[in-house]
Every structure is written in structure tokens, then in C-alpha cells.
file work.txt (compact mmCIF, C-alpha atoms)
# COMPACT_ATOMS: atom_id res chain seq x y z
CA PRO A 1 0.00 0.00 0.00
CA ILE A 2 0.96 3.60 -0.53
CA CYS A 3 1.23 4.22 3.23
CA LEU A 4 4.44 2.16 3.35
CA ARG A 5 6.12 4.89 1.29
CA LEU A 6 5.63 7.28 4.21
CA PHE A 7 7.93 5.22 6.46
CA ALA A 8 11.73 5.11 6.65
CA MET A 9 11.82 1.49 5.51
CA ASP A 10 15.59 1.58 4.82
CA THR A 11 16.51 3.11 8.20
CA PRO A 12 17.34 0.88 11.20
CA GLY A 13 14.86 1.22 14.05
CA VAL A 14 11.75 2.06 12.04
CA SER A 15 8.74 1.07 14.15
CA ILE A 16 5.03 1.42 14.85
CA GLU A 17 3.84 1.21 18.45
CA MET A 18 0.18 0.73 19.21
CA ASP A 19 -1.08 0.83 22.80
CA TRP A 20 -0.99 -2.99 22.81
CA GLY A 21 2.12 -3.90 20.82
CA ILE A 22 5.21 -2.83 18.88
CA TYR A 23 5.94 -3.63 15.23
CA GLU A 24 9.70 -3.38 14.68
CA GLY A 25 11.77 -2.89 11.56
CA ALA A 26 10.62 -2.73 7.95
CA GLU A 27 9.14 -6.22 8.20
CA GLY A 28 7.12 -5.21 11.27
CA VAL A 29 5.79 -2.09 9.52
CA ARG A 30 4.76 -4.24 6.53
CA ARG A 31 3.07 -6.76 8.85
CA PHE A 32 1.16 -3.93 10.56
CA PHE A 33 -0.27 -2.53 7.33
CA LEU A 34 -0.65 -5.74 5.31
CA GLY A 35 -1.44 -8.21 8.09
CA TYR A 36 -3.08 -6.32 10.96
CA HIS A 37 -4.74 -3.55 8.92
CA GLY A 38 -5.05 -5.65 5.76
CA GLY A 39 -8.75 -6.18 6.47
CA HIS A 40 -9.42 -2.50 5.74
CA GLU A 41 -7.63 -2.43 2.39
CA ALA A 42 -10.24 -1.85 -0.31
CA THR A 43 -8.19 -3.43 -3.08
CA ARG A 44 -7.35 -6.61 -1.14
CA VAL A 45 -10.58 -7.54 0.66
CA PRO A 46 -13.91 -8.37 -1.02
CA ALA A 47 -16.53 -5.62 -0.64
CA GLU A 48 -18.94 -7.87 1.25
CA LYS A 49 -16.36 -8.27 4.03
CA ARG A 50 -15.96 -4.50 4.34
CA LEU A 51 -19.64 -3.49 4.51
CA GLY A 52 -20.07 -0.75 7.11
CA ASP A 53 -16.43 -0.86 8.22
CA LEU A 54 -15.18 2.66 8.97
CA HIS A 55 -12.05 3.71 10.84
CA LEU A 56 -11.46 7.46 10.79
CA HIS A 57 -8.65 8.98 12.86
CA THR A 58 -8.27 12.69 12.13
CA GLN A 59 -5.02 14.44 13.08
CA THR A 60 -5.26 17.83 14.80
CA THR A 61 -3.15 20.26 16.83
CA GLN A 62 0.24 19.03 15.67
CA ILE A 63 3.39 20.21 17.41
CA ILE A 64 6.55 19.47 15.44
CA GLU A 65 10.12 20.35 16.42
CA VAL A 66 12.97 19.97 13.96
CA ALA A 67 16.34 19.13 15.52
CA ASP A 68 19.03 21.79 15.15
CA ASP A 69 21.14 19.29 13.19
CA LEU A 70 18.25 19.09 10.62
CA LYS A 71 18.40 15.26 10.59
CA THR A 72 15.24 14.43 12.55
CA THR A 73 11.93 15.83 13.79
CA SER A 74 9.81 14.93 16.79
CA GLY A 75 6.10 15.64 17.04
CA VAL A 76 2.74 14.94 18.66
CA SER A 77 -0.86 15.33 17.54
CA LEU A 78 -4.35 14.79 18.92
CA SER A 79 -6.82 12.52 17.17
CA PRO A 80 -10.58 12.54 17.72
CA GLY A 81 -11.93 9.60 15.74
CA ILE A 82 -14.58 6.98 15.11
CA GLU A 83 -14.56 3.24 14.47
CA THR A 84 -17.32 0.87 13.41
CA GLY A 85 -15.70 -2.45 12.53
CA GLU A 86 -15.08 -5.04 15.24
CA PRO A 87 -12.49 -7.85 15.02
CA ASP A 88 -15.27 -10.45 14.73
CA GLY A 89 -16.78 -8.65 11.70
CA SER A 90 -19.74 -7.16 13.60
CA LEU A 91 -20.50 -3.44 13.58
CA SER A 92 -20.81 -1.00 16.46
CA ALA A 93 -20.42 2.78 16.49
CA ASN A 94 -17.60 3.97 18.76
CA TRP A 95 -15.78 7.15 19.68
CA ILE A 96 -12.03 6.68 19.89
CA TRP A 97 -9.70 9.47 20.99
CA ASN A 98 -5.96 9.04 20.59
CA LYS A 99 -2.76 10.95 20.87
CA TYR A 100 0.09 10.22 18.48
CA SER A 101 3.79 10.87 18.76
CA PHE A 102 6.18 10.48 15.87
CA ASP A 103 9.78 10.94 14.88
CA CYS A 104 10.76 11.57 11.28
CA ILE A 105 14.15 11.18 9.64
CA LYS A 106 15.56 12.11 6.26
CA GLU A 107 15.95 9.04 4.09
CA ASN A 108 17.32 9.52 0.57
CA GLY A 109 16.63 13.26 0.88
CA GLU A 110 12.95 12.85 1.89
CA TRP A 111 11.32 13.15 5.30
CA LYS A 112 9.91 9.76 6.37
CA ILE A 113 8.22 8.48 9.52
CA TRP A 114 10.82 6.69 11.63
CA HIS A 115 8.84 5.96 14.82
CA LEU A 116 5.06 6.19 15.19
CA ARG A 117 3.39 5.70 18.59
CA THR A 118 -0.36 5.59 19.26
CA TYR A 119 -1.86 6.32 22.68
CA ASN A 120 -5.53 5.26 22.88
CA LEU A 121 -7.07 7.54 25.52
CA PHE A 122 -10.52 5.97 25.38
CA LEU A 123 -12.81 3.91 23.18
CA CYS A 124 -16.51 3.81 23.98
CA PRO A 125 -19.88 3.38 22.24
CA TYR A 126 -21.10 6.67 20.74
CA HIS A 127 -24.23 6.68 22.92
CA GLU A 128 -22.31 6.33 26.22
CA SER A 129 -20.22 8.84 28.13
CA TRP A 130 -16.58 7.83 28.44
CA VAL A 131 -16.95 8.66 32.14
CA GLU A 132 -19.78 6.14 32.59
CA HIS A 133 -18.46 3.53 30.16
CA LYS A 134 -16.89 0.56 31.89
CA ALA A 135 -13.89 0.09 29.64
CA GLU A 136 -12.81 -3.50 29.30
CA VAL A 137 -9.13 -4.13 28.91
CA ARG A 138 -8.97 -6.27 25.81
CA ILE A 139 -6.19 -8.81 25.99
CA PHE A 140 -5.77 -10.60 22.71
CA SER A 141 -3.26 -12.38 20.59
CA LEU A 142 -3.05 -12.08 16.85
CA PRO A 143 -2.08 -14.64 14.21
CA PRO A 144 1.62 -14.46 13.21
CA GLU A 145 0.90 -12.58 9.97
CA ALA A 146 -0.72 -9.73 11.98
CA ALA A 147 1.04 -9.94 15.36
CA PRO A 148 3.40 -7.32 16.80
CA ASP A 149 6.96 -8.22 17.66
CA ARG A 150 6.21 -7.43 21.31
CA TYR A 151 2.94 -7.08 23.22
CA LEU A 152 2.66 -4.27 25.78
CA ASP A 153 0.89 -3.76 29.12
CA PRO A 154 -2.86 -3.77 28.28
CA ASN A 155 -3.61 -1.11 30.91
CA PRO A 156 -1.13 1.78 30.54
CA LYS A 157 -1.27 4.64 33.05
CA TRP A 158 -1.84 7.24 30.33
CA ARG A 159 -5.24 5.73 29.35
CA TYR A 160 -8.28 7.63 30.66
CA ALA A 161 -9.87 6.26 33.84
CA ILE A 162 -12.14 7.89 36.40
CA ASN A 163 -9.94 6.77 39.30
CA GLN A 164 -6.66 8.39 38.19
CA PRO A 165 -5.47 11.79 36.98
CA ILE A 166 -4.92 12.27 33.26
CA VAL A 167 -1.22 12.50 32.42
CA ASN A 168 0.38 14.49 29.64
CA VAL A 169 1.65 11.57 27.61
CA PRO A 170 2.97 11.84 25.00
CA ALA A 171 4.77 14.97 26.08
CA PRO A 172 5.09 17.65 23.40
CA PRO A 173 8.63 17.93 22.04
CA GLU A 174 10.86 20.82 23.09
CA PRO A 175 13.49 22.53 20.95
CA HIS A 176 16.50 20.20 20.72
CA SER A 177 19.84 19.77 18.98
CA THR A 178 19.71 16.06 18.14
CA TYR A 179 17.30 13.15 18.19
CA ALA A 180 19.00 11.68 21.28
CA GLU A 181 18.48 14.95 23.18
CA SER A 182 14.81 15.09 22.13
CA ARG A 183 14.18 11.47 23.17
CA ALA A 184 15.82 12.06 26.57
CA MET A 185 13.68 15.18 27.23
CA ILE A 186 10.45 13.44 26.20
CA GLU A 187 11.19 10.35 28.30
CA LYS A 188 12.02 12.54 31.34
CA ALA A 189 8.79 14.56 30.94
CA GLU A 190 6.71 11.40 30.53
CA SER A 191 8.34 9.73 33.54
CA GLU A 192 7.66 12.78 35.72
CA SER A 193 4.05 12.94 34.48
CA MET A 194 3.43 9.24 35.18
CA ASN A 195 4.79 9.54 38.73
CA LEU A 196 2.33 12.27 39.79

call {"tool": "encode", "arguments": {"input": "work.txt", "output": "C-alpha cells"}}
result
Amino acid sequence: PICLRLFAMDTPGVSIEMDWGIYEGAEGVRRFFLGYHGGHEATRVPAEKRLGDLHLHTQTTQIIEVADDLKTTSGVSLSPGIETGEPDGSLSANWIWNKYSFDCIKENGEWKIWHLRTYNLFLCPYHESWVEHKAEVRIFSLPPEAAPDRYLDPNPKWRYAINQPIVNVPAPPEPHSTYAESRAMIEKAESESMNL
């Protein structure tokens, strides 16, 4: 798919991190789009299997900082969205609000996504308040052709819950000289936020 061209597929360390797992390297990025998200690809899946399936994740309020060395960028964005398709093929209308963080790197003279991280703040039926919705932590395993390289904690502290304060994760990037400096600042800010 065309989305693979957006990623730094020739650069070591390219990755996609969902709130439940990490896809590492070019092969992991391919597996994410072709295996995990392959069911949404209009040219690969028969129309009858896609009826009513809608996943829309808009990107808003982006903050992007370019490193002083002009080799990388770091950024975050907010994403109010909707989803209708369920893993079992059934349909239900849901709100889903995410935050994204991303790092880009120049590859062959073009800016490409190097690291993409998704933070799912909440997912709830459209007719319920996210405050009243009893979110179920979904623990699942995927078939090898769709599975991440590593699964993550299914209940991260940055997810919305009525019994804990909301934390500012991912932290917006600050001006920085190099990627390593940016990563260190973001990790420090996130660690401090999570320990409140």
C-alpha cells in the first residue's frame, strides 16, 4: 500500500507502536499494514467483508520540532476519531480518541516516519459517556501474519480512567539539537508525568 512509502523502511529502528504492541523494523511495519490492517484495504478484501467498516482517525493540533542538526523531527498530535468495525466482523459505532507521537528522519533526501506511537485515551460506544463507560481491557493475541513483535501492558497509566489523573503523555517535544536529546527530554517529561 501507498502508506508504506511514508515510512523510513531503509533506516534501522523504524517502528510502529500501538497501545498494545510494537511492530519493529521494515518487516514489522509491513506486517502492521498488510497483516493487521489488511482487512481494511479496499483493493485486497472483497466488498462484502468490508460493509459498514469505517475507521477514521483525524489528526489535529500538531506540534513538530525539527532538531538543530536538521536530521530528525519529533512531534505529537491529537486525534478525535470513530470506528465501526469489530475484530469479529460485527458493527458497532464507537468514539475513539488518541494521541500520536512520531519521529521523522531524512531518508534519501525525503522526510519519512521513523517511529510512530499511538496512545488510545478511550474507546466507547457513541451513545455512552466515556466517564460512565466501563472500559474492558482487551487482551488478545493475533495470528503471526498480523502480530506485533512485542505485546505491551494492556492497561497503561496514560489511558483515561475515572480513578486516576490524566497524564500528559505523549509529552510535546521541546526545541533540541539532536534526536538523542529530544528522546531524553520526552522520556524525562513522561516519567515525571506518570509519577504524579

call {"tool": "closest_residue", "arguments": {"input": "work.txt", "among": "A:Asn108, A:Thr11, A:Gln62, A:Asn195", "to": "Gln164 of chain A", "atoms": "all atoms listed in the file"}}
result
A:Asn195

call {"tool": "residues_around", "arguments": {"input": "work.txt", "residues": "Pro175 of chain A", "least_positions_apart": "6", "cutoff": "12 Å", "atoms": "all atoms listed in the file", "output": "short mmCIF file (atom, residue, chain, number, x, y, z; two decimals) with C-alpha atoms, keeping the file's coordinate frame"}}
result
data_model
loop_
_atom_site.label_atom_id
_atom_site.label_comp_id
_atom_site.auth_asym_id
_atom_site.auth_seq_id
_atom_site.Cartn_x
_atom_site.Cartn_y
_atom_site.Cartn_z
CA ILE A 63 3.39 20.21 17.41
CA ILE A 64 6.55 19.47 15.44
CA GLU A 65 10.12 20.35 16.42
CA VAL A 66 12.97 19.97 13.96
CA ALA A 67 16.34 19.13 15.52
CA ASP A 68 19.03 21.79 15.15
CA ASP A 69 21.14 19.29 13.19
CA LEU A 70 18.25 19.09 10.62
CA THR A 72 15.24 14.43 12.55
CA THR A 73 11.93 15.83 13.79
CA SER A 74 9.81 14.93 16.79
CA GLY A 75 6.10 15.64 17.04
CA GLU A 181 18.48 14.95 23.18
CA SER A 182 14.81 15.09 22.13
CA ARG A 183 14.18 11.47 23.17
CA MET A 185 13.68 15.18 27.23
CA ILE A 186 10.45 13.44 26.20
#

call {"tool": "residues_around", "arguments": {"input": "work.txt", "residues": "segment 33-36 of chain A", "least_positions_apart": "4", "cutoff": "7 Å", "atoms": "all atoms listed in the file", "output": "number ranges by chain"}}
result
A: 29, 145-146

call {"tool": "closest_residue", "arguments": {"input": "work.txt", "among": "A:Leu54, A:Val131, A:Cys104, A:Leu116", "to": "Met18 of chain A", "atoms": "all atoms listed in the file"}}
result
A:Leu116

call {"tool": "residues_around", "arguments": {"input": "work.txt", "residues": "Ser193 of chain A", "least_positions_apart": "4", "cutoff": "7 Å", "atoms": "all atoms listed in the file", "output": "ChimeraX atom specification"}}
result
/A:167-168,189

call {"tool": "residues_around", "arguments": {"input": "work.txt", "residues": "Met194 of chain A", "least_positions_apart": "3", "cutoff": "12 Å", "atoms": "all atoms listed in the file", "output": "JSON, numbers by chain"}}
result
{"A": [156, 157, 158, 159, 164, 165, 166, 167, 168, 169, 170, 171, 187, 188, 189, 190, 191]}

call {"tool": "closest_residue", "arguments": {"input": "work.txt", "among": "A:Ser15, A:Asn94, A:Thr84, A:Ser129", "to": "Arg117 of chain A", "atoms": "all atoms listed in the file"}}
result
A:Ser15

call {"tool": "atom_distance", "arguments": {"input": "work.txt", "atom1": "atom CA of Glu132 of chain A", "atom2": "atom CA of Glu86 of chain A"}}
result
21.2 Å

call {"tool": "axis_aligned_box", "arguments": {"input": "work.txt", "around": "segment 186-196 of chain A", "padding_each_side": "4 Å", "output": "lines of an AutoDock Vina configuration file"}}
result
center_x = 7.2
center_y = 11.9
center_z = 33.0
size_x = 17.7
size_y = 13.3
size_z = 21.6

call {"tool": "residues_around", "arguments": {"input": "work.txt", "residues": "Cys3 of chain A", "least_positions_apart": "4", "cutoff": "12 Å", "atoms": "all atoms listed in the file", "output": "PyMOL selection string"}}
result
chain A and resi 7-9+29-30+32-34+37-38+41+112-113

call {"tool": "atom_distance", "arguments": {"input": "work.txt", "atom1": "atom CA of Glu83 of chain A", "atom2": "atom CA of His55 of chain A"}}
result
4.4 Å

call {"tool": "atom_distance", "arguments": {"input": "work.txt", "atom1": "atom CA of Asp153 of chain A", "atom2": "atom CA of Phe122 of chain A"}}
result
15.5 Å

call {"tool": "closest_residue", "arguments": {"input": "work.txt", "among": "A:Pro172, A:Gly52, A:Pro148, A:Gly28", "to": "Leu91 of chain A", "atoms": "all atoms listed in the file"}}
result
A:Gly52

call {"tool": "closest_residue", "arguments": {"input": "work.txt", "among": "A:Pro173, A:Gly25, A:Gly81, A:Pro125", "to": "Asp149 of chain A", "atoms": "only C-alpha atoms"}}
result
A:Gly25

call {"tool": "closest_residue", "arguments": {"input": "work.txt", "among": "A:Asp103, A:Glu192, A:Ile96, A:Tyr160", "to": "Ala180 of chain A", "atoms": "all atoms listed in the file"}}
result
A:Asp103
